Each structure stands twice: as C-alpha cells, then as structure tokens.
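Trainee: The file below is input-v6.cif, mmCIF, C-alpha atoms and all ligand atoms:
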```
data_structure
#
loop_
_atom_site.label_atom_id
_atom_site.label_comp_id
_atom_site.auth_asym_id
_atom_site.auth_seq_id
_atom_site.Cartn_x
_atom_site.Cartn_y
_atom_site.Cartn_z
CA MET A 4 48.14 -21.43 -3.94
CA LYS A 5 45.19 -19.91 -5.76
CA LYS A 6 42.18 -18.20 -4.36
CA ASN A 7 39.15 -18.15 -6.61
CA LYS A 8 37.95 -15.13 -8.53
CA GLN A 9 36.19 -13.51 -5.59
CA ASN A 10 39.31 -14.04 -3.45
CA ILE A 11 37.43 -16.52 -1.31
CA SER A 12 39.43 -19.24 0.43
CA LEU A 13 38.59 -22.86 -0.26
CA LEU A 14 38.23 -23.36 3.50
CA LYS A 15 38.28 -20.73 6.21
CA VAL A 16 38.00 -21.59 9.89
CA GLU A 17 37.19 -18.61 12.11
CA ASN A 18 37.23 -18.19 15.90
CA ILE A 19 36.35 -21.78 16.68
CA LYS A 20 35.50 -22.53 20.31
CA LEU A 21 34.67 -26.01 21.51
CA LYS A 22 34.11 -27.43 24.99
CA PHE A 23 33.54 -31.01 26.06
CA GLY A 24 31.58 -30.56 29.30
CA SER A 25 33.34 -27.78 31.17
CA ARG A 26 36.70 -28.50 29.53
CA MET A 27 37.77 -26.05 26.83
CA ILE A 28 39.37 -28.00 23.95
CA LEU A 29 39.59 -25.30 21.27
CA SER A 30 39.36 -21.57 21.96
CA ASP A 31 41.45 -19.73 19.43
CA VAL A 32 41.46 -21.52 16.12
CA ASN A 33 41.75 -19.53 12.89
CA PHE A 34 43.21 -20.68 9.61
CA SER A 35 42.46 -21.00 5.95
CA VAL A 36 43.30 -23.55 3.32
CA GLU A 37 43.82 -23.10 -0.41
CA PRO A 38 43.85 -25.62 -3.29
CA GLY A 39 47.17 -27.33 -4.00
CA THR A 40 48.57 -26.86 -0.50
CA ILE A 41 49.51 -29.19 2.33
CA THR A 42 48.68 -27.90 5.82
CA VAL A 43 50.01 -29.86 8.78
CA ILE A 44 48.71 -29.72 12.35
CA THR A 45 50.86 -30.99 15.20
CA GLY A 46 50.16 -31.05 18.94
CA LYS A 47 50.40 -33.43 21.85
CA SER A 48 48.01 -36.31 22.30
CA GLY A 49 44.58 -35.25 23.55
CA CYS A 50 44.93 -31.57 22.62
CA GLY A 51 42.04 -31.62 20.12
CA LYS A 52 43.54 -32.34 16.67
CA THR A 53 41.05 -35.05 15.69
CA THR A 54 38.25 -32.91 17.11
CA LEU A 55 39.32 -30.06 14.82
CA LEU A 56 39.22 -32.35 11.76
CA GLY A 57 35.72 -33.39 12.86
CA ILE A 58 34.65 -29.74 12.88
CA ILE A 59 36.11 -29.06 9.42
CA SER A 60 34.28 -32.07 8.02
CA GLY A 61 30.98 -30.93 9.53
CA LEU A 62 30.71 -34.00 11.77
CA LEU A 63 31.07 -31.97 14.94
CA LYS A 64 29.50 -28.59 15.73
CA PRO A 65 31.63 -26.23 17.81
CA ASN A 66 30.15 -24.02 20.54
CA ASP A 67 31.11 -20.97 18.54
CA GLY A 68 32.86 -19.95 15.34
CA LYS A 69 32.51 -20.39 11.61
CA VAL A 70 33.68 -22.87 9.01
CA TYR A 71 33.44 -21.41 5.52
CA PHE A 72 33.69 -23.72 2.52
CA LYS A 73 34.04 -21.62 -0.65
CA GLY A 74 32.58 -18.70 1.28
CA LYS A 75 29.57 -20.52 2.77
CA ASN A 76 29.34 -21.26 6.48
CA ILE A 77 28.70 -25.00 6.71
CA LEU A 78 27.70 -24.65 10.37
CA ARG A 79 24.49 -22.91 9.31
CA TRP A 80 23.44 -25.94 7.30
CA GLY A 81 21.31 -28.82 8.56
CA ASP A 82 22.64 -32.38 9.02
CA ILE A 83 21.62 -33.58 5.55
CA ARG A 84 23.23 -30.69 3.70
CA ARG A 85 26.39 -31.09 5.80
CA SER A 86 26.53 -34.79 4.98
CA PHE A 87 26.24 -33.97 1.24
CA TYR A 88 29.04 -31.43 1.71
CA ARG A 89 31.15 -34.15 3.34
CA SER A 90 30.47 -36.77 0.64
CA LYS A 91 31.20 -34.43 -2.20
CA ASN A 92 34.02 -32.28 -0.92
CA ILE A 93 35.95 -34.11 1.79
CA GLY A 94 38.15 -37.21 1.62
CA PHE A 95 39.33 -38.96 4.80
CA ILE A 96 42.53 -40.88 5.52
CA PHE A 97 42.97 -42.58 8.91
CA GLN A 98 45.90 -44.00 10.89
CA PHE A 99 44.47 -47.52 10.83
CA PHE A 100 43.22 -47.31 7.21
CA ASN A 101 39.60 -48.26 8.08
CA LEU A 102 39.24 -50.55 5.05
CA LEU A 103 36.61 -53.30 4.92
CA ASN A 104 38.24 -56.73 4.90
CA ASP A 105 35.30 -58.45 3.21
CA TYR A 106 35.80 -56.38 0.08
CA SER A 107 38.63 -56.21 -2.44
CA ALA A 108 40.87 -53.16 -2.65
CA PHE A 109 38.96 -52.13 -5.79
CA GLU A 110 35.60 -52.40 -3.98
CA ASN A 111 36.99 -50.47 -1.01
CA ILE A 112 38.02 -47.65 -3.34
CA LEU A 113 34.48 -47.56 -4.74
CA LEU A 114 32.73 -47.42 -1.35
CA PRO A 115 32.41 -43.62 -0.97
CA THR A 116 30.72 -43.39 -4.38
CA MET A 117 27.82 -45.44 -2.99
CA PHE A 118 27.00 -42.69 -0.50
CA ASN A 119 27.55 -39.87 -2.96
CA PRO A 120 24.43 -38.95 -4.91
CA PHE A 121 26.64 -36.94 -7.30
CA ALA A 122 28.88 -39.89 -8.25
CA ARG A 123 28.96 -40.80 -11.96
CA ASN A 124 31.00 -43.46 -13.83
CA ALA A 125 32.42 -44.63 -10.51
CA SER A 126 33.94 -47.86 -11.78
CA LYS A 127 35.73 -46.11 -14.65
CA LYS A 128 37.07 -43.46 -12.27
CA ALA A 129 38.30 -46.13 -9.84
CA LYS A 130 40.20 -47.84 -12.66
CA GLU A 131 41.79 -44.56 -13.74
CA LEU A 132 42.77 -43.83 -10.17
CA ILE A 133 44.30 -47.27 -9.76
CA GLU A 134 46.46 -46.60 -12.83
CA TYR A 135 47.37 -43.12 -11.67
CA LEU A 136 48.40 -44.24 -8.19
CA ASN A 137 50.13 -47.43 -9.42
CA LEU A 138 47.79 -49.76 -7.53
CA LYS A 139 46.98 -52.19 -10.35
CA ALA A 140 49.01 -55.04 -8.89
CA ILE A 141 47.04 -54.99 -5.62
CA SER A 142 43.59 -53.85 -6.70
CA SER A 143 41.97 -57.29 -6.53
CA ASN A 144 43.54 -58.19 -3.17
CA HIS A 145 41.64 -58.03 0.09
CA PRO A 146 43.08 -55.58 2.64
CA GLU A 147 44.14 -58.28 5.11
CA THR A 148 46.54 -59.66 2.50
CA LEU A 149 48.23 -56.28 2.02
CA SER A 150 51.00 -54.49 3.91
CA GLY A 151 50.27 -51.34 5.93
CA GLY A 152 51.75 -49.17 3.20
CA GLU A 153 49.66 -50.86 0.51
CA ARG A 154 46.51 -50.52 2.62
CA GLN A 155 47.15 -46.83 3.09
CA ARG A 156 47.66 -46.38 -0.67
CA ILE A 157 44.25 -48.00 -1.21
CA ALA A 158 42.78 -45.73 1.49
CA ILE A 159 44.20 -42.71 -0.34
CA ALA A 160 42.52 -43.82 -3.57
CA ARG A 161 39.28 -44.25 -1.61
CA ALA A 162 39.70 -40.73 -0.17
CA VAL A 163 39.95 -39.15 -3.63
CA ILE A 164 37.46 -41.25 -5.64
CA ASN A 165 34.72 -38.61 -5.25
CA ASN A 166 37.21 -35.99 -6.42
CA PRO A 167 36.96 -33.92 -3.21
CA ASP A 168 38.65 -30.54 -2.91
CA ILE A 169 39.88 -31.22 0.63
CA ILE A 170 41.54 -34.32 2.05
CA LEU A 171 41.74 -34.70 5.83
CA ALA A 172 44.31 -37.17 7.14
CA ASP A 173 44.63 -38.16 10.81
CA GLU A 174 48.11 -39.55 11.62
CA PRO A 175 48.24 -41.23 8.18
CA THR A 176 51.77 -42.60 8.59
CA GLY A 177 51.50 -43.31 12.33
CA ASN A 178 51.31 -47.04 11.72
CA LEU A 179 53.81 -47.37 8.88
CA ASP A 180 57.51 -48.16 8.48
CA ASP A 181 59.81 -45.42 7.16
CA GLU A 182 59.79 -46.54 3.54
CA SER A 183 55.99 -46.81 3.35
CA ALA A 184 55.64 -43.44 5.10
CA GLU A 185 57.89 -41.87 2.46
CA ASP A 186 55.77 -43.46 -0.27
CA ILE A 187 52.55 -42.13 1.26
CA ASN A 188 54.07 -38.66 1.65
CA ASN A 189 54.98 -38.73 -2.07
CA LEU A 190 51.38 -39.54 -2.96
CA PHE A 191 50.17 -36.56 -0.89
CA ILE A 192 52.59 -34.27 -2.74
CA LYS A 193 51.55 -35.71 -6.11
CA LEU A 194 47.84 -35.22 -5.42
CA ALA A 195 48.34 -31.71 -4.02
CA LYS A 196 50.66 -30.43 -6.72
CA GLU A 197 49.35 -32.28 -9.80
CA ASN A 198 45.65 -32.31 -8.91
CA ASN A 199 45.29 -29.17 -6.82
CA LYS A 200 43.97 -31.06 -3.79
CA ALA A 201 44.14 -29.32 -0.41
CA PHE A 202 45.46 -31.52 2.39
CA VAL A 203 44.99 -30.95 6.12
CA ILE A 204 47.14 -33.53 7.86
CA VAL A 205 47.42 -34.21 11.59
CA THR A 206 50.84 -35.78 12.00
CA HIS A 207 54.11 -35.98 13.90
CA ASP A 208 55.96 -37.33 10.87
CA HIS A 209 58.90 -34.98 10.23
CA ARG A 210 58.82 -35.76 6.48
CA ILE A 211 55.25 -34.58 6.13
CA VAL A 212 55.93 -31.51 8.28
CA GLU A 213 59.02 -30.68 6.16
CA ASN A 214 57.09 -31.00 2.90
CA SER A 215 54.08 -29.04 4.07
CA ASP A 216 53.27 -25.54 2.92
CA PHE A 217 51.93 -24.54 6.33
CA HIS A 218 52.60 -25.98 9.75
CA TYR A 219 50.33 -25.16 12.68
CA HIS A 220 50.79 -26.30 16.26
CA LEU A 221 47.80 -26.79 18.54
CA SER A 222 48.61 -26.09 22.16
CA ASP A 223 46.58 -24.85 25.14
CA THR A 224 43.46 -24.74 22.93
CA ALA A 225 45.07 -22.34 20.40
CA LEU A 226 46.31 -23.01 16.88
CA VAL A 227 49.56 -21.21 16.08
CA LEU A 228 51.31 -20.95 12.71
CA GLN A 229 54.88 -22.22 12.96
CA THR A 230 57.53 -20.44 10.97
CA LYS A 231 59.94 -22.75 9.23
CA THR A 232 63.15 -20.86 9.88
CA LYS A 233 65.86 -22.54 7.79
CA ASN A 234 66.36 -19.36 5.71
CA ARG A 235 65.35 -16.99 8.42
CA SER A 236 68.30 -14.67 7.68
CA LYS A 237 67.15 -14.34 4.05
CA LYS A 238 63.40 -14.10 4.50
CA PRO A 239 61.24 -12.48 7.17
CA ALA A 240 58.96 -14.84 9.04
CA ALA A 241 55.55 -15.22 7.44
CA LYS A 242 52.87 -13.96 9.81
CA LYS A 243 49.86 -15.20 7.89
CA PRO A 244 49.19 -18.23 5.74
CA SER A 245 48.08 -15.89 2.99
CA SER A 246 51.56 -15.79 1.47
CA ILE A 247 52.11 -18.07 -1.49
CA ALA A 248 55.80 -18.51 -0.60
CA LYS A 249 56.73 -21.88 0.77
CA ILE A 250 57.92 -21.42 4.32
CA LYS A 251 61.31 -23.07 4.75
CA PRO A 252 62.07 -25.77 7.31
CA ALA A 253 63.55 -25.12 10.74
CA GLY A 254 67.28 -24.49 11.57
CA LYS A 255 69.95 -26.97 10.54
CA THR A 256 70.45 -29.60 13.18
CA SER A 257 71.81 -32.98 12.11
CA GLN A 258 68.18 -34.17 12.18
CA ASN A 259 67.13 -31.39 9.85
CA LYS A 260 70.01 -32.09 7.54
CA SER A 261 68.80 -35.61 6.97
CA ASP A 262 65.27 -34.24 6.70
CA SER A 263 66.24 -31.92 3.90
CA THR A 264 67.96 -34.80 2.08
CA SER A 265 64.80 -36.83 2.41
CA ARG A 266 62.81 -33.87 1.17
CA LYS A 267 64.96 -33.62 -1.96
CA ASN A 268 64.47 -37.32 -2.58
CA THR A 269 60.77 -36.90 -2.00
CA LYS A 270 60.58 -34.09 -4.53
CA LYS A 271 62.58 -36.08 -7.09
CA ALA A 272 60.25 -39.02 -6.64
CA ALA A 273 57.20 -36.78 -6.96
CA LYS A 274 58.54 -35.36 -10.23
CA LYS A 275 59.08 -38.81 -11.66
CA THR A 276 55.47 -39.79 -11.16
CA SER A 277 53.03 -39.67 -14.02
CA ALA A 278 51.59 -36.33 -15.02
CA LYS A 279 48.27 -37.93 -15.87
CA LYS A 280 45.46 -36.23 -13.97
CA THR A 281 42.55 -37.75 -12.11
CA LYS A 282 39.21 -36.43 -13.18
N1 LIG B 301 32.88 -36.82 22.26
C1 LIG B 301 33.69 -36.47 23.25
N2 LIG B 301 33.22 -36.21 24.48
C2 LIG B 301 34.02 -35.84 25.49
N3 LIG B 301 35.37 -35.71 25.39
C3 LIG B 301 35.91 -35.97 24.17
C4 LIG B 301 35.11 -36.38 23.05
N4 LIG B 301 35.92 -36.56 21.99
C5 LIG B 301 37.18 -36.30 22.43
N5 LIG B 301 37.17 -35.95 23.73
C6 LIG B 301 38.33 -35.54 24.53
O1 LIG B 301 38.79 -34.31 23.97
C7 LIG B 301 40.21 -34.28 23.97
C8 LIG B 301 40.71 -34.06 22.57
O2 LIG B 301 40.49 -35.23 21.81
P1 LIG B 301 41.11 -35.47 20.38
O3 LIG B 301 40.63 -34.40 19.50
O4 LIG B 301 40.79 -36.86 20.00
O5 LIG B 301 42.67 -35.28 20.68
P2 LIG B 301 43.94 -35.57 19.73
O6 LIG B 301 43.43 -35.99 18.39
O7 LIG B 301 44.69 -34.28 19.70
O8 LIG B 301 44.73 -36.63 20.41
C9 LIG B 301 40.66 -35.58 24.60
O9 LIG B 301 40.93 -35.37 25.96
C10 LIG B 301 39.49 -36.49 24.40
O10 LIG B 301 39.44 -37.48 25.41
MG MG B 302 43.65 -37.80 17.38
#
```
Turn the structure described in the file into structure tokens.
Ligand SMILES: Nc1ncnc2c1ncn2[C@@H]1O[C@H](COP(=O)(O)OP(=O)(O)O)[C@@H](O)[C@H]1O
Ligand SMILES: [Mg+2]
Mentor:
Amino acid sequence: MKKNKQNISLLKVENIKLKFGSRMILSDVNFSVEPGTITVITGKSGCGKTTLLGIISGLLKPNDGKVYFKGKNILRWGDIRRSFYRSKNIGFIFQFFNLLNDYSAFENILLPTMFNPFARNASKKAKELIEYLNLKAISSNHPETLSGGERQRIAIARAVINNPDIILADEPTGNLDDESAEDINNLFIKLAKENNKAFVIVTHDHRIVENSDFHYHLSDTALVLQTKTKNRSKKPAAKKPSSIAKIKPAGKTSQNKSDSTSRKNTKKAAKKTSAKKTK
C-alpha cells in the first residue's frame, strides 16, 4: 500500500452524510483507499452499500461530506468534470454483468473507451488485456453464449480497459457458482497486486472478504472497520486502515478453516498467473 509523494491517499471519503427524503442512509462514513489494495464492504440488504459506491464514483451527491480523489474533492466539481473523472479513473463491475448482447465480448470490452476522451490505441489495449486475462478463446463470442463466470471475466476486462486507478464492484460474484467466483476473486487479486489497482468491493462472498486488505461493515448508517482476528494473540487490532499490514482473517471455526485453505489456493493460483502488465 503506497501513498504518493505528498502522502495523499488515492481516495479519501470524509464524514459522508446522505438522506433519501427524511431517511438517513449514511451518517458516519470515513475511509481511505490506496493503490494495490482490496477493500470490502459488507452490510445487510438496503443499508446503503450501492449508494456509497455511487457517491465514490461521483454519480450521487451526498448531503454533506467530502470525496477526495488524489487530494481533490470531486464533490466541488460540476457534472461534466465528474463524468470525466468517472470515465478516466473508475471501473465498474456489476452483479449481473451489464454486458450488451448485440456486441461481441471484444466490442463490450472496448465500450468504455468510446466515452473516454483520453482513450488512445483502444483496440490494441483490448487485445493485450484479452491475452493478460486469458480471454482469447471467448473474445469473439456474444455474451448470451457465455457462462456467468465468462461474462464476468469480460466485464472485468471492460472495467479496466481505460486503465482506471479504482475499480468498484457491486456483488460481483453474487450470481456465480463457487468455481467461477473463485476465478473472479483470483482476477481481482491479480489486478490489485500486479497492476496496483485499488478495489472497493461490496460483497458477502467469504473468499473475497478473506482475501481483502480491509473489511468494513456498514450498519445503522455507519461504516466500521472490521478487525480480522485470526492472529489476535500475536498482533494488536488495527484501528485505522493506514497500516500496511494485512489484517488477518477471523477466529478459526470450521468455516474459517476451509476459508483459509481456499485462500492459500487462491494465492497459489494468483502467483501462477502471468506477470505481464496491462498498460
Ligand atoms: N434514489 C433513491 N431514492 C430513494 N431511496 C433510495 C434511492 N436509492 C436507494 N434508495 C433506498 O436507499 C436504501 C439503500 O439502498 P442501496 O444503497 O441500494 O442498498 P444496498 O446496496 O445496501 O442493498 C434502500 O432502502 C433503497 O430502497
Ligand atoms: Mg446494492
């Protein structure tokens, strides 16, 4: 986890408050995100997780608070500047993939470059990405002919084609079988660790939570950092996400035991993947 030279976080969310009508959805939301890390947000249905992703991406304006991207408060910008910010710096991954069936996988991957005035050599980049993410065999298929896992792999390529710093994923494995979910989780790890991407993932998937660097829980309008307590006796609980140390997973139940096995497998698989970088 690296901060830049001025010690400015990639993304810093401060004192966010948001109401829909008279209902308070978010009232105490503070966190920051650094390159190369995976941050997970859990919370029960309807608590405001998707709303929070909308605020980070500049789609939704909160009633109060600040969202700093590389030290600049995006909430002070007008709609056009915020939409440039979104095109250039944010990639999105959704539960139901949101691919266009009339276009091939390759064309779907290219779509965000059409709305990005900064995009250059898009086709070449898409081909490199297809190689890097092992999607060659399915790149000319249309989404409706692909499995859920394959569709989500295409959606991941689409999310990173503009080379954004931040990738927001909303329940990305919520519609996938176990094996595909594992595969998708490995791609997240690969992109975070090999390409320094910052992920903010809303999920209930224990694999993604286990492999995250930071786990926050949203409850009663407040976002609270969860301490992964597996090695609690060895290490004090981290109070702030400013520590570089990976916070360990929670106490060893039989569930957690199998989780840690799956995590080892996940890490092995991530190591095996190509070291070639996307540019
Ligand atoms: N545009 C909106 N106007 C009014 N209420 C909304 C709007 N968007 C979401 N909500 C409500 O805000 C709450 C939080 O929504 P959401 O962020 O989608 O929850 P989650 O993603 O945690 O399930 C829900 O009760 C939802 O119905
Ligand atoms: Mg949601």
Trainee: I want to know what sits within 12 Å of Leu226 in chain A, based on all atoms listed in the file, with residues of the same chain fewer than 4 positions away left out; could you give that as JSON, numbers by chain?
Mentor: {"A": [16, 17, 18, 19, 20, 28, 29, 30, 31, 32, 33, 34, 35, 43, 44, 45, 46, 50, 51, 52, 55, 218, 219, 220, 221, 222]}
Trainee: Identify, counting only C-alpha atoms and all ligand atoms, the protein, DNA and RNA residues located within 12 Å of ligand LIG 301 (chain B), and give them as a tab-separated table (two decimals) with C-alpha atoms, in the coordinates of the input.
Mentor:
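The resulting file, part-v2.tsv, is reproduced below:
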```tsv
chain	number	residue	atom	x	y	z
A	21	LEU	CA	34.67	-26.01	21.51
A	22	LYS	CA	34.11	-27.43	24.99
A	23	PHE	CA	33.54	-31.01	26.06
A	24	GLY	CA	31.58	-30.56	29.30
A	25	SER	CA	33.34	-27.78	31.17
A	26	ARG	CA	36.70	-28.50	29.53
A	27	MET	CA	37.77	-26.05	26.83
A	28	ILE	CA	39.37	-28.00	23.95
A	29	LEU	CA	39.59	-25.30	21.27
A	44	ILE	CA	48.71	-29.72	12.35
A	45	THR	CA	50.86	-30.99	15.20
A	46	GLY	CA	50.16	-31.05	18.94
A	47	LYS	CA	50.40	-33.43	21.85
A	48	SER	CA	48.01	-36.31	22.30
A	49	GLY	CA	44.58	-35.25	23.55
A	50	CYS	CA	44.93	-31.57	22.62
A	51	GLY	CA	42.04	-31.62	20.12
A	52	LYS	CA	43.54	-32.34	16.67
A	53	THR	CA	41.05	-35.05	15.69
A	54	THR	CA	38.25	-32.91	17.11
A	55	LEU	CA	39.32	-30.06	14.82
A	56	LEU	CA	39.22	-32.35	11.76
A	57	GLY	CA	35.72	-33.39	12.86
A	58	ILE	CA	34.65	-29.74	12.88
A	62	LEU	CA	30.71	-34.00	11.77
A	63	LEU	CA	31.07	-31.97	14.94
A	64	LYS	CA	29.50	-28.59	15.73
A	65	PRO	CA	31.63	-26.23	17.81
A	97	PHE	CA	42.97	-42.58	8.91
A	98	GLN	CA	45.90	-44.00	10.89
A	172	ALA	CA	44.31	-37.17	7.14
A	173	ASP	CA	44.63	-38.16	10.81
A	174	GLU	CA	48.11	-39.55	11.62
A	204	ILE	CA	47.14	-33.53	7.86
A	205	VAL	CA	47.42	-34.21	11.59
A	206	THR	CA	50.84	-35.78	12.00
A	207	HIS	CA	54.11	-35.98	13.90
A	220	HIS	CA	50.79	-26.30	16.26
A	221	LEU	CA	47.80	-26.79	18.54
A	222	SER	CA	48.61	-26.09	22.16
A	223	ASP	CA	46.58	-24.85	25.14
A	224	THR	CA	43.46	-24.74	22.93
A	225	ALA	CA	45.07	-22.34	20.40
A	226	LEU	CA	46.31	-23.01	16.88
```
Trainee: Determine the nearest neighbour of ligand MG 302 (chain B) from the options A:Phe99, A:Phe191, A:Phe118, A:Arg154, counting only C-alpha atoms and all ligand atoms.
Mentor: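 Going through A:Phe99, A:Phe191, A:Phe118, A:Arg154 one by one, the smallest distance to ligand MG 302 (chain B) is for A:Phe99.
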Trainee: For the atom pair CA of Arg156 in chain A and CA of Ala195 in chain A, what is the interatomic distance in Å to one decimal place?
Mentor: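 A separation of 15.1 Å between them.
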Trainee: Measure the distance from CA of Lys127 in chain A to CA of Pro146 in chain A in Å and round it to one decimal.
Mentor: 21.0 Å
Trainee: Could you list, as an MDAnalysis selection string, every residue within 10 Å of Ala122 in chain A, counting only C-alpha atoms and ignoring same-chain residues fewer than 2 positions away?
Mentor: chainID A and resid 90:91 115:120 124:125 128 164:166
Trainee: Any chance you could export the current selection's C-alpha atoms as a short mmCIF file (atom, residue, chain, number, x, y, z; two decimals), in the coordinates of the input?
Mentor:
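So the final result, stored in out.cif, reads:
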```cif
data_model
loop_
_atom_site.label_atom_id
_atom_site.label_comp_id
_atom_site.auth_asym_id
_atom_site.auth_seq_id
_atom_site.Cartn_x
_atom_site.Cartn_y
_atom_site.Cartn_z
CA SER A 90 30.47 -36.77 0.64
CA LYS A 91 31.20 -34.43 -2.20
CA PRO A 115 32.41 -43.62 -0.97
CA THR A 116 30.72 -43.39 -4.38
CA MET A 117 27.82 -45.44 -2.99
CA PHE A 118 27.00 -42.69 -0.50
CA ASN A 119 27.55 -39.87 -2.96
CA PRO A 120 24.43 -38.95 -4.91
CA ASN A 124 31.00 -43.46 -13.83
CA ALA A 125 32.42 -44.63 -10.51
CA LYS A 128 37.07 -43.46 -12.27
CA ILE A 164 37.46 -41.25 -5.64
CA ASN A 165 34.72 -38.61 -5.25
CA ASN A 166 37.21 -35.99 -6.42
#
```
Trainee: Tell me, in Å to one decimal, how far CA of Ile93 in chain A is from CA of Leu171 in chain A.
Mentor: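 For CA of Ile93 in chain A relative to CA of Leu171 in chain A, the distance reads 7.1 Å.
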Trainee: From the set A:Lys139, A:Pro175, A:Arg85, A:Glu197, which residue has the shortest atom-to-atom contact distance to ligand MG 302 (chain B), counting all atoms listed in the file?
Mentor: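 Closest candidate: A:Pro175.
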Trainee: Considering all atoms listed in the file, state which residue in the set A:Leu102, A:Tyr135, A:Phe87, A:Gly177 is at the smallest distance from ligand MG 302 (chain B).
Mentor: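 Answer, going by the shortest atom-to-atom distance: A:Gly177.
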Trainee: Is it possible to add N, CA and C atoms to range 51-67 of chain A and hand it back as a PDB file, in the frame of the given file?
Mentor:
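The file below, selection.pdb, is the result:
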```
ATOM      1  N   GLY A  51      43.226 -32.015  20.901  1.00  0.00           N
ATOM      2  CA  GLY A  51      42.040 -31.620  20.120  1.00  0.00           C
ATOM      3  C   GLY A  51      42.219 -31.664  18.615  1.00  0.00           C
ATOM      4  N   LYS A  52      43.259 -32.325  18.127  1.00  0.00           N
ATOM      5  CA  LYS A  52      43.540 -32.340  16.670  1.00  0.00           C
ATOM      6  C   LYS A  52      42.434 -33.069  15.903  1.00  0.00           C
ATOM      7  N   THR A  53      42.091 -34.268  16.373  1.00  0.00           N
ATOM      8  CA  THR A  53      41.050 -35.050  15.690  1.00  0.00           C
ATOM      9  C   THR A  53      39.709 -34.322  15.788  1.00  0.00           C
ATOM     10  N   THR A  54      39.473 -33.693  16.927  1.00  0.00           N
ATOM     11  CA  THR A  54      38.250 -32.910  17.110  1.00  0.00           C
ATOM     12  C   THR A  54      38.173 -31.802  16.065  1.00  0.00           C
ATOM     13  N   LEU A  55      39.303 -31.142  15.810  1.00  0.00           N
ATOM     14  CA  LEU A  55      39.320 -30.060  14.820  1.00  0.00           C
ATOM     15  C   LEU A  55      39.010 -30.592  13.419  1.00  0.00           C
ATOM     16  N   LEU A  56      39.547 -31.762  13.067  1.00  0.00           N
ATOM     17  CA  LEU A  56      39.220 -32.350  11.760  1.00  0.00           C
ATOM     18  C   LEU A  56      37.717 -32.655  11.682  1.00  0.00           C
ATOM     19  N   GLY A  57      37.165 -33.108  12.802  1.00  0.00           N
ATOM     20  CA  GLY A  57      35.720 -33.390  12.860  1.00  0.00           C
ATOM     21  C   GLY A  57      34.891 -32.137  12.606  1.00  0.00           C
ATOM     22  N   ILE A  58      35.377 -31.010  13.094  1.00  0.00           N
ATOM     23  CA  ILE A  58      34.650 -29.740  12.880  1.00  0.00           C
ATOM     24  C   ILE A  58      34.736 -29.321  11.414  1.00  0.00           C
ATOM     25  N   ILE A  59      35.939 -29.448  10.834  1.00  0.00           N
ATOM     26  CA  ILE A  59      36.110 -29.060   9.420  1.00  0.00           C
ATOM     27  C   ILE A  59      35.196 -29.897   8.519  1.00  0.00           C
ATOM     28  N   SER A  60      35.059 -31.169   8.879  1.00  0.00           N
ATOM     29  CA  SER A  60      34.280 -32.070   8.020  1.00  0.00           C
ATOM     30  C   SER A  60      32.777 -31.934   8.267  1.00  0.00           C
ATOM     31  N   GLY A  61      32.401 -31.130   9.252  1.00  0.00           N
ATOM     32  CA  GLY A  61      30.980 -30.930   9.530  1.00  0.00           C
ATOM     33  C   GLY A  61      30.382 -32.041  10.378  1.00  0.00           C
ATOM     34  N   LEU A  62      31.213 -32.926  10.918  1.00  0.00           N
ATOM     35  CA  LEU A  62      30.710 -34.000  11.770  1.00  0.00           C
ATOM     36  C   LEU A  62      30.415 -33.497  13.177  1.00  0.00           C
ATOM     37  N   LEU A  63      31.187 -32.512  13.593  1.00  0.00           N
ATOM     38  CA  LEU A  63      31.070 -31.970  14.940  1.00  0.00           C
ATOM     39  C   LEU A  63      30.745 -30.481  14.868  1.00  0.00           C
ATOM     40  N   LYS A  64      29.819 -30.035  15.700  1.00  0.00           N
ATOM     41  CA  LYS A  64      29.500 -28.590  15.730  1.00  0.00           C
ATOM     42  C   LYS A  64      30.204 -27.959  16.922  1.00  0.00           C
ATOM     43  N   PRO A  65      30.974 -26.897  16.682  1.00  0.00           N
ATOM     44  CA  PRO A  65      31.630 -26.230  17.810  1.00  0.00           C
ATOM     45  C   PRO A  65      30.634 -25.386  18.591  1.00  0.00           C
ATOM     46  N   ASN A  66      31.027 -24.899  19.766  1.00  0.00           N
ATOM     47  CA  ASN A  66      30.150 -24.020  20.540  1.00  0.00           C
ATOM     48  C   ASN A  66      30.047 -22.642  19.891  1.00  0.00           C
ATOM     49  N   ASP A  67      31.114 -22.274  19.195  1.00  0.00           N
ATOM     50  CA  ASP A  67      31.110 -20.970  18.540  1.00  0.00           C
ATOM     51  C   ASP A  67      32.094 -21.003  17.374  1.00  0.00           C
TER      52      ASP A  67
END
```
